[in-house]
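Listing of input.tsv; format and content: TSV, C-alpha atoms.
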chain	number	residue	atom	x	y	z
A	139	MET	CA	215.13	98.86	91.17
A	140	LYS	CA	212.23	96.86	92.63
A	141	ALA	CA	212.58	94.22	95.31
A	142	CYS	CA	211.17	90.79	94.54
A	143	GLU	CA	207.51	90.44	95.39
A	144	GLU	CA	205.78	87.47	96.97
A	145	LEU	CA	205.03	84.96	94.23
A	146	ARG	CA	201.38	84.50	93.26
A	147	THR	CA	200.35	81.99	90.61
A	148	ASP	CA	197.19	80.62	89.04
A	149	GLU	CA	196.15	76.96	88.94
A	150	THR	CA	198.72	76.23	86.19
A	151	LEU	CA	201.59	77.88	88.13
A	152	ARG	CA	201.56	80.85	85.78
A	153	GLU	CA	202.83	83.91	87.66
A	154	LEU	CA	200.13	86.53	88.17
A	155	ALA	CA	202.42	89.53	88.64
A	156	VAL	CA	202.53	92.12	85.86
A	157	HIS	CA	206.09	92.85	84.76
A	158	GLY	CA	206.47	96.30	83.28
A	159	SER	CA	203.64	97.70	81.17
A	160	VAL	CA	202.03	97.23	77.76
A	161	GLN	CA	204.09	100.16	76.46
A	162	PHE	CA	207.33	99.00	78.14
A	163	PRO	CA	207.17	95.23	78.86
A	164	PHE	CA	210.32	95.06	80.96
A	165	GLN	CA	210.92	94.93	84.70
A	166	HIS	CA	214.06	94.63	86.80
A	167	TYR	CA	214.32	93.30	90.35
A	168	ARG	CA	216.99	92.95	92.98
A	169	CYS	CA	216.14	89.69	94.72
A	170	ARG	CA	217.56	88.50	98.03
A	171	TYR	CA	217.01	84.97	99.31
A	172	ASP	CA	218.24	83.17	102.40
A	173	ALA	CA	217.70	79.75	103.93
A	174	GLU	CA	216.12	81.09	107.11
A	175	ASN	CA	213.23	82.79	105.30
A	176	GLY	CA	212.53	80.01	102.84
A	177	ASN	CA	215.31	78.85	100.59
A	178	LEU	CA	213.06	77.57	97.79
A	179	TYR	CA	211.44	80.11	95.47
A	180	PRO	CA	208.35	78.22	94.27
A	181	TRP	CA	207.96	76.66	90.84
A	182	HIS	CA	206.36	79.04	88.33
A	183	TRP	CA	206.39	80.22	84.73
A	184	HIS	CA	205.51	83.35	82.78
A	185	SER	CA	205.21	84.57	79.21
A	186	GLU	CA	208.25	86.79	79.62
A	187	ALA	CA	211.84	85.67	79.14
A	188	GLU	CA	214.03	85.99	82.23
A	189	ALA	CA	217.72	86.76	82.67
A	190	ILE	CA	219.56	86.39	85.98
A	191	LEU	CA	222.91	87.78	87.08
A	192	MET	CA	224.21	86.59	90.45
A	193	LEU	CA	225.47	89.50	92.52
A	194	SER	CA	226.56	87.59	95.63
A	195	GLY	CA	226.31	84.17	97.21
A	196	GLU	CA	225.10	81.19	95.24
A	197	THR	CA	221.84	79.57	94.24
A	198	TYR	CA	220.55	76.67	92.18
A	199	CYS	CA	218.32	77.32	89.20
A	200	LEU	CA	215.98	74.38	88.66
A	201	VAL	CA	214.65	73.72	85.17
A	202	GLY	CA	213.24	70.32	84.31
A	203	ASN	CA	215.70	67.75	85.61
A	204	GLN	CA	218.54	70.27	85.50
A	205	ARG	CA	219.88	71.73	88.73
A	206	MET	CA	222.28	74.48	87.74
A	207	ARG	CA	224.62	76.00	90.30
A	208	LEU	CA	225.01	79.77	89.95
A	209	ARG	CA	227.73	81.67	91.79
A	210	ALA	CA	228.54	85.38	91.96
A	211	GLY	CA	229.27	86.73	88.49
A	212	GLU	CA	227.41	83.92	86.70
A	213	GLY	CA	223.93	83.94	85.23
A	214	VAL	CA	221.21	82.17	83.30
A	215	PHE	CA	218.73	83.02	80.55
A	216	LEU	CA	215.30	81.35	80.68
A	217	GLN	CA	213.05	81.26	77.65
A	218	SER	CA	209.43	82.33	78.01
A	219	GLY	CA	207.01	79.66	79.20
A	220	VAL	CA	209.60	77.53	81.02
A	221	ILE	CA	208.68	76.31	84.49
A	222	HIS	CA	211.52	77.02	86.91
A	223	SER	CA	212.48	77.59	90.51
A	224	TYR	CA	215.42	78.80	92.63
A	225	GLU	CA	216.94	77.24	95.72
A	226	THR	CA	219.72	78.75	97.80
A	227	PRO	CA	221.78	76.82	100.38
A	228	ASP	CA	222.52	79.94	102.43
A	229	ARG	CA	221.88	83.47	101.13
A	230	CYS	CA	222.27	85.23	97.81
A	231	GLU	CA	221.42	88.36	95.88
A	232	MET	CA	220.60	88.43	92.20
A	233	LEU	CA	219.63	90.86	89.49
A	234	THR	CA	216.51	89.61	87.69
A	235	LEU	CA	215.44	91.03	84.33
A	236	VAL	CA	212.04	90.02	82.95
A	237	PHE	CA	210.86	91.04	79.47
A	238	LEU	CA	208.64	89.96	76.60
A	239	PRO	CA	210.54	88.79	73.49
A	240	THR	CA	208.39	91.19	71.48
A	241	PHE	CA	210.10	94.02	73.34
A	242	VAL	CA	213.25	93.23	71.32
A	243	ALA	CA	211.24	93.61	68.11
A	244	PRO	CA	207.45	93.62	67.57
A	245	GLU	CA	205.72	90.84	65.68
A	246	GLY	CA	205.32	91.52	61.99
A	247	CYS	CA	208.54	93.43	61.46
A	248	SER	CA	211.56	91.90	59.70
A	249	LEU	CA	213.69	91.95	62.86
A	250	TYR	CA	211.14	89.79	64.62
A	251	THR	CA	210.86	87.41	61.66
A	252	HIS	CA	214.61	86.99	61.16
A	253	PHE	CA	215.97	87.21	64.71
A	254	VAL	CA	213.33	86.88	67.41
A	255	GLN	CA	211.13	84.09	66.05
A	256	PRO	CA	214.06	81.79	65.13
A	257	LEU	CA	215.32	81.90	68.72
A	258	LEU	CA	211.82	81.20	70.03
A	259	ASP	CA	211.49	78.25	67.63
A	260	ALA	CA	214.92	76.78	68.40
A	261	ASN	CA	213.76	74.58	71.31
A	262	ILE	CA	215.89	76.61	73.71
A	263	THR	CA	214.73	76.39	77.30
A	264	TYR	CA	217.70	77.96	79.07
A	265	ALA	CA	221.25	79.20	78.65
A	266	LEU	CA	223.63	78.76	81.58
A	267	LEU	CA	226.15	81.61	81.51
A	268	THR	CA	229.52	81.04	83.14
A	269	ARG	CA	232.70	83.08	82.90
A	270	THR	CA	234.74	80.44	81.06
A	271	GLU	CA	233.33	80.89	77.53
A	272	PRO	CA	234.03	84.20	75.75
A	273	TRP	CA	230.48	84.58	74.47
A	274	HIS	CA	229.12	83.78	77.95
A	275	ALA	CA	231.31	86.57	79.32
A	276	GLU	CA	229.89	88.89	76.65
A	277	ALA	CA	226.32	88.09	77.72
A	278	LEU	CA	227.20	88.50	81.41
A	279	ALA	CA	228.81	91.88	80.72
A	280	THR	CA	225.60	92.95	78.97
A	281	LEU	CA	223.56	91.89	82.00
A	282	ALA	CA	225.88	93.86	84.29
A	283	ARG	CA	225.47	96.96	82.10
A	284	LEU	CA	221.71	96.55	82.20
A	285	GLY	CA	221.91	96.37	85.98
A	286	ASP	CA	223.85	99.64	86.08
A	287	ILE	CA	221.38	101.31	83.71
A	288	THR	CA	218.34	100.26	85.72
A	289	GLN	CA	219.94	101.30	89.00
A	290	THR	CA	220.95	104.80	87.92
A	291	GLY	CA	217.76	105.57	85.99
A	292	ALA	CA	219.49	108.32	84.01
A	293	PRO	CA	217.63	110.24	81.26
A	294	GLY	CA	217.23	107.98	78.23
A	295	ALA	CA	217.55	104.84	80.35
A	296	GLU	CA	214.62	103.20	78.54
A	297	LEU	CA	216.47	103.47	75.24
A	298	ASP	CA	219.64	102.05	76.82
A	299	VAL	CA	217.65	99.17	78.31
A	300	HIS	CA	216.21	98.31	74.91
A	301	ALA	CA	219.66	98.47	73.30
A	302	GLY	CA	221.07	96.20	76.03
A	303	LEU	CA	218.32	93.62	75.63
A	304	CYS	CA	218.84	93.64	71.85
A	305	ALA	CA	222.56	93.02	72.45
A	306	LEU	CA	221.78	90.12	74.81
A	307	TRP	CA	219.28	88.65	72.34
A	308	ALA	CA	221.79	88.96	69.50
A	309	THR	CA	224.40	87.03	71.51
A	310	LEU	CA	221.92	84.25	72.22
A	311	TYR	CA	220.69	84.23	68.62
A	312	ARG	CA	224.21	83.70	67.26
A	313	HIS	CA	224.63	80.66	69.50
A	314	ARG	CA	221.09	79.26	69.19
A	315	GLU	CA	222.16	75.91	67.72
A	316	LEU	CA	224.53	75.30	70.61
A	317	LEU	CA	221.85	76.31	73.11
A	318	ALA	CA	219.21	74.11	71.50
A	319	ALA	CA	221.53	71.12	71.90
A	320	GLN	CA	221.76	71.65	75.68
A	321	GLY	CA	218.04	72.32	76.16
A	322	LEU	CA	215.23	70.01	77.20
A	323	PRO	CA	213.58	67.69	74.63
A	324	GLU	CA	210.55	68.75	72.59
A	325	SER	CA	208.28	66.69	74.82
A	326	CYS	CA	209.17	69.14	77.61
A	327	ALA	CA	206.12	71.30	76.81
A	328	HIS	CA	203.71	68.43	77.47
A	329	LEU	CA	205.59	67.38	80.59
A	330	GLN	CA	205.61	70.90	81.97
A	331	THR	CA	201.88	71.39	81.35
A	332	ARG	CA	201.09	68.24	83.30
A	333	LEU	CA	203.58	69.09	85.99
A	334	ARG	CA	202.12	72.58	86.46
A	335	THR	CA	198.68	71.08	86.98
A	336	MET	CA	199.84	68.49	89.52
A	337	ILE	CA	201.99	70.95	91.48
A	338	ALA	CA	199.09	73.40	91.63
A	339	PHE	CA	196.89	70.58	92.98
A	340	ILE	CA	199.48	69.68	95.64
A	341	GLU	CA	199.96	73.27	96.75
A	342	GLU	CA	196.19	73.73	97.07
A	343	GLN	CA	195.45	70.42	98.84
A	344	PHE	CA	198.67	69.78	100.81
A	345	ASP	CA	196.99	70.16	104.22
A	346	ARG	CA	195.10	66.88	103.85
A	347	LYS	CA	196.13	63.30	103.15
A	348	LEU	CA	197.01	62.90	99.47
A	349	THR	CA	197.81	59.82	97.43
A	350	LEU	CA	199.80	59.37	94.26
A	351	ARG	CA	196.57	58.40	92.47
A	352	GLU	CA	194.87	61.66	93.43
A	353	ILE	CA	197.85	63.70	92.29
A	354	ALA	CA	198.02	61.86	88.96
A	355	HIS	CA	194.25	62.14	88.49
A	356	SER	CA	194.42	65.93	88.82
A	357	ALA	CA	196.27	65.98	85.47
A	358	ASN	CA	194.41	63.01	83.95
A	359	VAL	CA	197.56	60.87	83.75
A	360	SER	CA	198.57	57.47	85.07
A	361	ASP	CA	200.52	56.98	88.26
A	362	SER	CA	203.63	56.04	86.28
A	363	GLU	CA	203.33	59.15	84.09
A	364	ALA	CA	202.97	61.32	87.20
A	365	LEU	CA	206.15	59.77	88.61
A	366	ARG	CA	207.96	60.42	85.31
A	367	CYS	CA	206.80	64.04	85.14
A	368	PHE	CA	208.04	64.80	88.65
A	369	ARG	CA	211.27	62.86	88.24
A	370	GLU	CA	212.17	64.67	85.01
A	371	GLY	CA	210.62	68.02	85.93
A	372	VAL	CA	211.63	68.66	89.55
A	373	CYS	CA	213.95	65.72	90.37
A	374	ALA	CA	211.63	64.32	93.04
A	375	SER	CA	208.67	62.00	93.36
A	376	PRO	CA	205.19	63.54	93.80
A	377	ILE	CA	205.12	62.50	97.47
A	378	CYS	CA	208.62	63.89	98.08
A	379	TYR	CA	207.55	67.17	96.51
A	380	LEU	CA	204.41	67.16	98.66
A	381	ASN	CA	206.45	66.64	101.84
A	382	ARG	CA	208.97	69.31	100.86
A	383	HIS	CA	206.15	71.79	100.29
A	384	ARG	CA	204.64	70.88	103.68
A	385	LEU	CA	207.99	71.35	105.41
A	386	ASN	CA	208.63	74.75	103.82
A	387	PHE	CA	205.13	75.84	104.80
A	388	ALA	CA	205.67	74.63	108.36
A	389	ARG	CA	209.06	76.32	108.64
A	390	ALA	CA	207.51	79.67	107.71
A	391	ARG	CA	204.70	79.16	110.23
A	392	LEU	CA	207.23	78.44	112.99
A	393	LEU	CA	208.74	81.88	112.49
A	394	GLN	CA	205.58	83.82	111.68
A	395	THR	CA	203.15	82.51	114.33
A	396	SER	CA	203.06	81.47	117.98
A	397	LEU	CA	201.17	78.25	117.21
A	398	SER	CA	202.47	75.11	118.85
A	399	VAL	CA	204.52	72.59	116.90
A	400	THR	CA	201.58	70.16	117.08
A	401	GLU	CA	199.20	72.75	115.63
A	402	ILE	CA	201.62	73.61	112.82
A	403	ALA	CA	202.15	69.93	112.03
A	404	ALA	CA	198.38	69.51	111.62
A	405	GLU	CA	198.12	72.66	109.49
A	406	ALA	CA	200.85	71.34	107.20
A	407	GLY	CA	199.09	68.01	106.70
A	408	PHE	CA	201.34	65.73	108.76
A	409	SER	CA	199.64	62.78	110.39
A	410	SER	CA	201.40	63.31	113.73
A	411	ALA	CA	203.70	65.76	115.48
A	412	ALA	CA	206.28	63.00	116.02
A	413	TYR	CA	206.44	62.25	112.30
A	414	PHE	CA	206.67	65.97	111.57
A	415	ASP	CA	209.58	66.28	114.04
A	416	ARG	CA	211.49	63.49	112.31
A	417	MET	CA	210.90	64.84	108.81
A	418	PHE	CA	211.79	68.40	109.81
A	419	ALA	CA	215.04	67.34	111.51
A	420	ARG	CA	215.99	65.21	108.52
A	421	CYS	CA	215.43	68.12	106.15
A	422	PHE	CA	216.76	71.08	108.17
A	423	GLY	CA	219.17	69.45	110.60
A	424	GLU	CA	217.36	70.32	113.83
A	425	SER	CA	213.98	69.89	115.47
A	426	PRO	CA	211.15	72.39	114.85
A	427	THR	CA	211.37	73.58	118.46
A	428	LEU	CA	215.12	74.22	118.27
A	429	TYR	CA	214.75	75.86	114.84
A	430	ARG	CA	212.19	78.32	116.24
A	431	ARG	CA	214.17	78.97	119.45
A	432	ARG	CA	217.39	79.77	117.58
A	433	ARG	CA	215.63	82.34	115.41
A	434	ALA	CA	213.26	83.85	117.98
A	435	GLY	CA	213.41	87.57	118.56

Please express what this file holds, its structure, as structure tokens.
Amino acid sequence: MKACEELRTDETLRELAVHGSVQFPFQHYRCRYDAENGNLYPWHWHSEAEAILMLSGETYCLVGNQRMRLRAGEGVFLQSGVIHSYETPDRCEMLTLVFLPTFVAPEGCSLYTHFVQPLLDANITYALLTRTEPWHAEALATLARLGDITQTGAPGAELDVHAGLCALWATLYRHRELLAAQGLPESCAHLQTRLRTMIAFIEEQFDRKLTLREIAHSANVSDSEALRCFREGVCASPICYLNRHRLNFARARLLQTSLSVTEIAAEAGFSSAAYFDRMFARCFGESPTLYRRRRAG
């Protein structure tokens, strides 16, 4: 089972990593996150669908304006093309399965036409899986079995993986109308496209002074539309997202370099070290100097 790799994306936030292969478009990861090493896994999307099973701890899965709390034994299914992120308040471990829907059944065959395409067309963005609903428990049990299969790697594991993914897809297919009702509106695709562009602009230009107008202009939208996209997409204003990205960048630099706090503040795009100190303490509960000292060595 692979460990999670550092996220790399293109200018639209599309993940650049290759999951699996052309012949076997499936990959499994065991991902560990903790607050000390960056508690926010950056916003991204990919053509593959994604299924998560929480193994320990808790995290928040962020999709659009939804902030879903996931605890050990719970999970979530994310449809292909959906921009998402993860945030953990402390530390957690999760099983992550990433696969192309065409792995369930290839385009052109009757299984794809009758069972894969209808789920793709059902305006389903995600499925939160808790242990309270019987069919949720069924899907979670399937994810757990897939985790066991991928970990043991026994002969014929590829066939068992395919069978497990088909079982998961069948469970979701049977409840597609219910899932479509809880999903994001149809306008979500346009919102996410614009949001991807603006976030990519922020994460490329964060080390200099940025204005709302510049951020909005990067996606050719008005200031008010930029505010709406961020509010509905990531539950923050563009400037709040910018500052959060700067702070996460600065926190990593505090632990990874010997640069002074003033130098790191400048690298992160803050106008002064004093302002950086205030923002950092407000976000993380202690000054940058104390944060570094507590975690040194």

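Those residues that approach A:Arg205 to within 12 Å, counting all atoms listed in the file, are Thr197, Tyr198, Cys199, Leu200, Val214, His222, Ser223, Tyr224, Glu225, Thr226, Tyr264, Leu266, Glu370, Gly371, Val372, Cys373 and Ala374 of chain A; same-chain residues fewer than 5 positions away are not listed.
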
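Of the residues listed (A:Arg430, A:Arg346, A:Arg283, A:His313), A:Arg430 shows the shortest atom-to-atom separation from A:Ala390; distances use all atoms listed in the file.
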
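Atom CA of A:Leu284 is positioned 24.5 Å from atom CA of A:Asp172.
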
Please provide the set of residues having any atom within 12 Å of stretch 253-258 of chain A, restricted to all atoms listed in the file, with same-chain residues fewer than 5 positions apart removed, written as a ChimeraX atom specification. /A:185-187,216-220,238-248,263-265,303-318

Which polymer residues have any atom within 8 Å of an atom of A:Leu233, counting all atoms listed in the file, with same-chain residues fewer than 2 positions away left out, as a ChimeraX atom specification? /A:166-169,190-193,231,235,285

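Considering all atoms listed in the file, the residue among A:Leu380, A:Met232, A:Val201, A:Val299 positioned nearest to A:Asp286 is A:Val299.
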
Between A:Ala292, A:Ala301, A:His383, A:Glu405, smallest distance to A:Phe339 by all atoms listed in the file belongs to A:His383

Find the residues with any atom within 12 Å of (201.8, 85.5, 99.1); use all atoms listed in the file and the coordinates as given in the file, and write the answer as a VMD selection string. chain A and resid 142 to 147 153 to 155 179 to 180 387 390

As lines of an AutoDock Vina configuration file, please report the centre and edge lengths, rounded to one decimal in Å, of the axis-aligned box that holds all listed atoms of stretch 214-223 of chain A with 8 Å of padding on each of the six sides.
center_x = 214.1
center_y = 79.7
center_z = 84.1
size_x = 30.2
size_y = 22.7
size_z = 28.9

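In this model, the gap between atom CA of A:Thr268 and atom CA of A:Ile221 comes to 21.4 Å.
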
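If you look at atom CA of A:Arg420 and atom CA of A:Arg384, they are 13.6 Å away from each other.
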
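Take the candidates A:Leu350, A:Met206, A:Val236, A:Cys230 and check each one against A:Glu188 using all atoms listed in the file; the shortest distance goes to A:Val236.
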
Excluding stretch 361-367 of chain A and its own-chain neighbours fewer than 3 positions away, which residues fall within 10 Å of it when counting all atoms listed in the file? Please give them as a list in words. Gly202, Asn203, Cys326, His328, Leu329, Gln330, Thr331, Arg332, Leu333, Arg334, Met336, Thr349, Leu350, Arg351, Glu352, Ile353, Ala354, His355, Ser356, Ala357, Asn358, Glu370, Gly371, Val372, Cys373, Ala374, Ser375, Pro376 and Ile377 of chain A

What would the file look like if the residues just selected were written as an mmCIF file, keeping the file's coordinate frame with C-alpha atoms?
data_model
loop_
_atom_site.group_PDB
_atom_site.id
_atom_site.type_symbol
_atom_site.label_atom_id
_atom_site.label_comp_id
_atom_site.auth_asym_id
_atom_site.auth_seq_id
_atom_site.Cartn_x
_atom_site.Cartn_y
_atom_site.Cartn_z
ATOM 1 C CA GLY A 202 213.240 70.320 84.310
ATOM 2 C CA ASN A 203 215.700 67.750 85.610
ATOM 3 C CA CYS A 326 209.170 69.140 77.610
ATOM 4 C CA HIS A 328 203.710 68.430 77.470
ATOM 5 C CA LEU A 329 205.590 67.380 80.590
ATOM 6 C CA GLN A 330 205.610 70.900 81.970
ATOM 7 C CA THR A 331 201.880 71.390 81.350
ATOM 8 C CA ARG A 332 201.090 68.240 83.300
ATOM 9 C CA LEU A 333 203.580 69.090 85.990
ATOM 10 C CA ARG A 334 202.120 72.580 86.460
ATOM 11 C CA MET A 336 199.840 68.490 89.520
ATOM 12 C CA THR A 349 197.810 59.820 97.430
ATOM 13 C CA LEU A 350 199.800 59.370 94.260
ATOM 14 C CA ARG A 351 196.570 58.400 92.470
ATOM 15 C CA GLU A 352 194.870 61.660 93.430
ATOM 16 C CA ILE A 353 197.850 63.700 92.290
ATOM 17 C CA ALA A 354 198.020 61.860 88.960
ATOM 18 C CA HIS A 355 194.250 62.140 88.490
ATOM 19 C CA SER A 356 194.420 65.930 88.820
ATOM 20 C CA ALA A 357 196.270 65.980 85.470
ATOM 21 C CA ASN A 358 194.410 63.010 83.950
ATOM 22 C CA GLU A 370 212.170 64.670 85.010
ATOM 23 C CA GLY A 371 210.620 68.020 85.930
ATOM 24 C CA VAL A 372 211.630 68.660 89.550
ATOM 25 C CA CYS A 373 213.950 65.720 90.370
ATOM 26 C CA ALA A 374 211.630 64.320 93.040
ATOM 27 C CA SER A 375 208.670 62.000 93.360
ATOM 28 C CA PRO A 376 205.190 63.540 93.800
ATOM 29 C CA ILE A 377 205.120 62.500 97.470
#

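Compared by their closest atoms to A:Gly302, and using all atoms listed in the file, the residues A:Tyr429, A:Phe368, A:Phe237, A:Phe414 rank with A:Phe237 nearest.
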
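The nearest approach to A:Pro227 among the residues A:Phe422, A:Asn381, A:Glu276, A:Ala295, with only C-alpha atoms taken into account, belongs to A:Phe422.
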
Reconstructed N, CA and C atoms for stretch 171-197 of chain A, given as a compact mmCIF listing (two decimals), in the coordinates of the input:
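This went into out_30.txt:
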# COMPACT_ATOMS: atom_id res chain seq x y z
N TYR A 171 217.57 86.18 98.73
CA TYR A 171 217.01 84.97 99.31
C TYR A 171 217.96 84.47 100.40
N ASP A 172 217.40 83.84 101.42
CA ASP A 172 218.24 83.17 102.40
C ASP A 172 217.50 81.97 102.95
N ALA A 173 218.26 81.02 103.48
CA ALA A 173 217.70 79.75 103.93
C ALA A 173 216.73 79.93 105.09
N GLU A 174 216.97 80.92 105.94
CA GLU A 174 216.12 81.09 107.11
C GLU A 174 214.71 81.53 106.76
N ASN A 175 214.55 82.27 105.67
CA ASN A 175 213.23 82.79 105.30
C ASN A 175 212.62 82.04 104.12
N GLY A 176 213.05 80.82 103.94
CA GLY A 176 212.53 80.01 102.84
C GLY A 176 213.49 79.98 101.70
N ASN A 177 214.23 78.89 101.58
CA ASN A 177 215.31 78.85 100.59
C ASN A 177 214.85 78.38 99.22
N LEU A 178 213.58 78.04 99.08
CA LEU A 178 213.06 77.57 97.79
C LEU A 178 212.06 78.58 97.26
N TYR A 179 212.39 79.23 96.13
CA TYR A 179 211.44 80.11 95.47
C TYR A 179 210.54 79.22 94.63
N PRO A 180 209.23 79.24 94.82
CA PRO A 180 208.35 78.22 94.27
C PRO A 180 208.41 78.09 92.75
N TRP A 181 208.02 76.91 92.28
CA TRP A 181 207.96 76.66 90.84
C TRP A 181 206.92 77.57 90.20
N HIS A 182 207.26 78.13 89.03
CA HIS A 182 206.36 79.04 88.33
C HIS A 182 206.83 79.21 86.89
N TRP A 183 206.01 79.88 86.10
CA TRP A 183 206.39 80.22 84.73
C TRP A 183 205.68 81.51 84.34
N HIS A 184 206.14 82.13 83.28
CA HIS A 184 205.51 83.35 82.78
C HIS A 184 205.81 83.51 81.30
N SER A 185 205.05 84.35 80.65
CA SER A 185 205.21 84.57 79.21
C SER A 185 206.50 85.30 78.89
N GLU A 186 207.03 86.03 79.85
CA GLU A 186 208.25 86.79 79.62
C GLU A 186 209.48 85.87 79.67
N ALA A 187 210.52 86.27 78.96
CA ALA A 187 211.84 85.67 79.14
C ALA A 187 212.44 86.24 80.42
N GLU A 188 213.42 85.55 80.98
CA GLU A 188 214.03 85.99 82.23
C GLU A 188 215.55 85.83 82.15
N ALA A 189 216.26 86.83 82.61
CA ALA A 189 217.72 86.76 82.67
C ALA A 189 218.17 87.08 84.08
N ILE A 190 219.07 86.27 84.60
CA ILE A 190 219.56 86.39 85.98
C ILE A 190 221.06 86.66 85.97
N LEU A 191 221.49 87.57 86.82
CA LEU A 191 222.91 87.78 87.08
C LEU A 191 223.11 87.68 88.58
N MET A 192 223.93 86.75 89.03
CA MET A 192 224.21 86.59 90.45
C MET A 192 225.12 87.72 90.92
N LEU A 193 224.69 88.40 91.97
CA LEU A 193 225.47 89.50 92.52
C LEU A 193 226.32 89.05 93.70
N SER A 194 225.80 88.12 94.51
CA SER A 194 226.56 87.59 95.63
C SER A 194 225.98 86.25 96.04
N GLY A 195 226.77 85.47 96.75
CA GLY A 195 226.31 84.17 97.21
C GLY A 195 226.18 83.18 96.07
N GLU A 196 225.36 82.17 96.28
CA GLU A 196 225.10 81.19 95.24
C GLU A 196 223.68 80.67 95.35
N THR A 197 223.17 80.16 94.26
CA THR A 197 221.84 79.57 94.24
C THR A 197 221.84 78.45 93.21
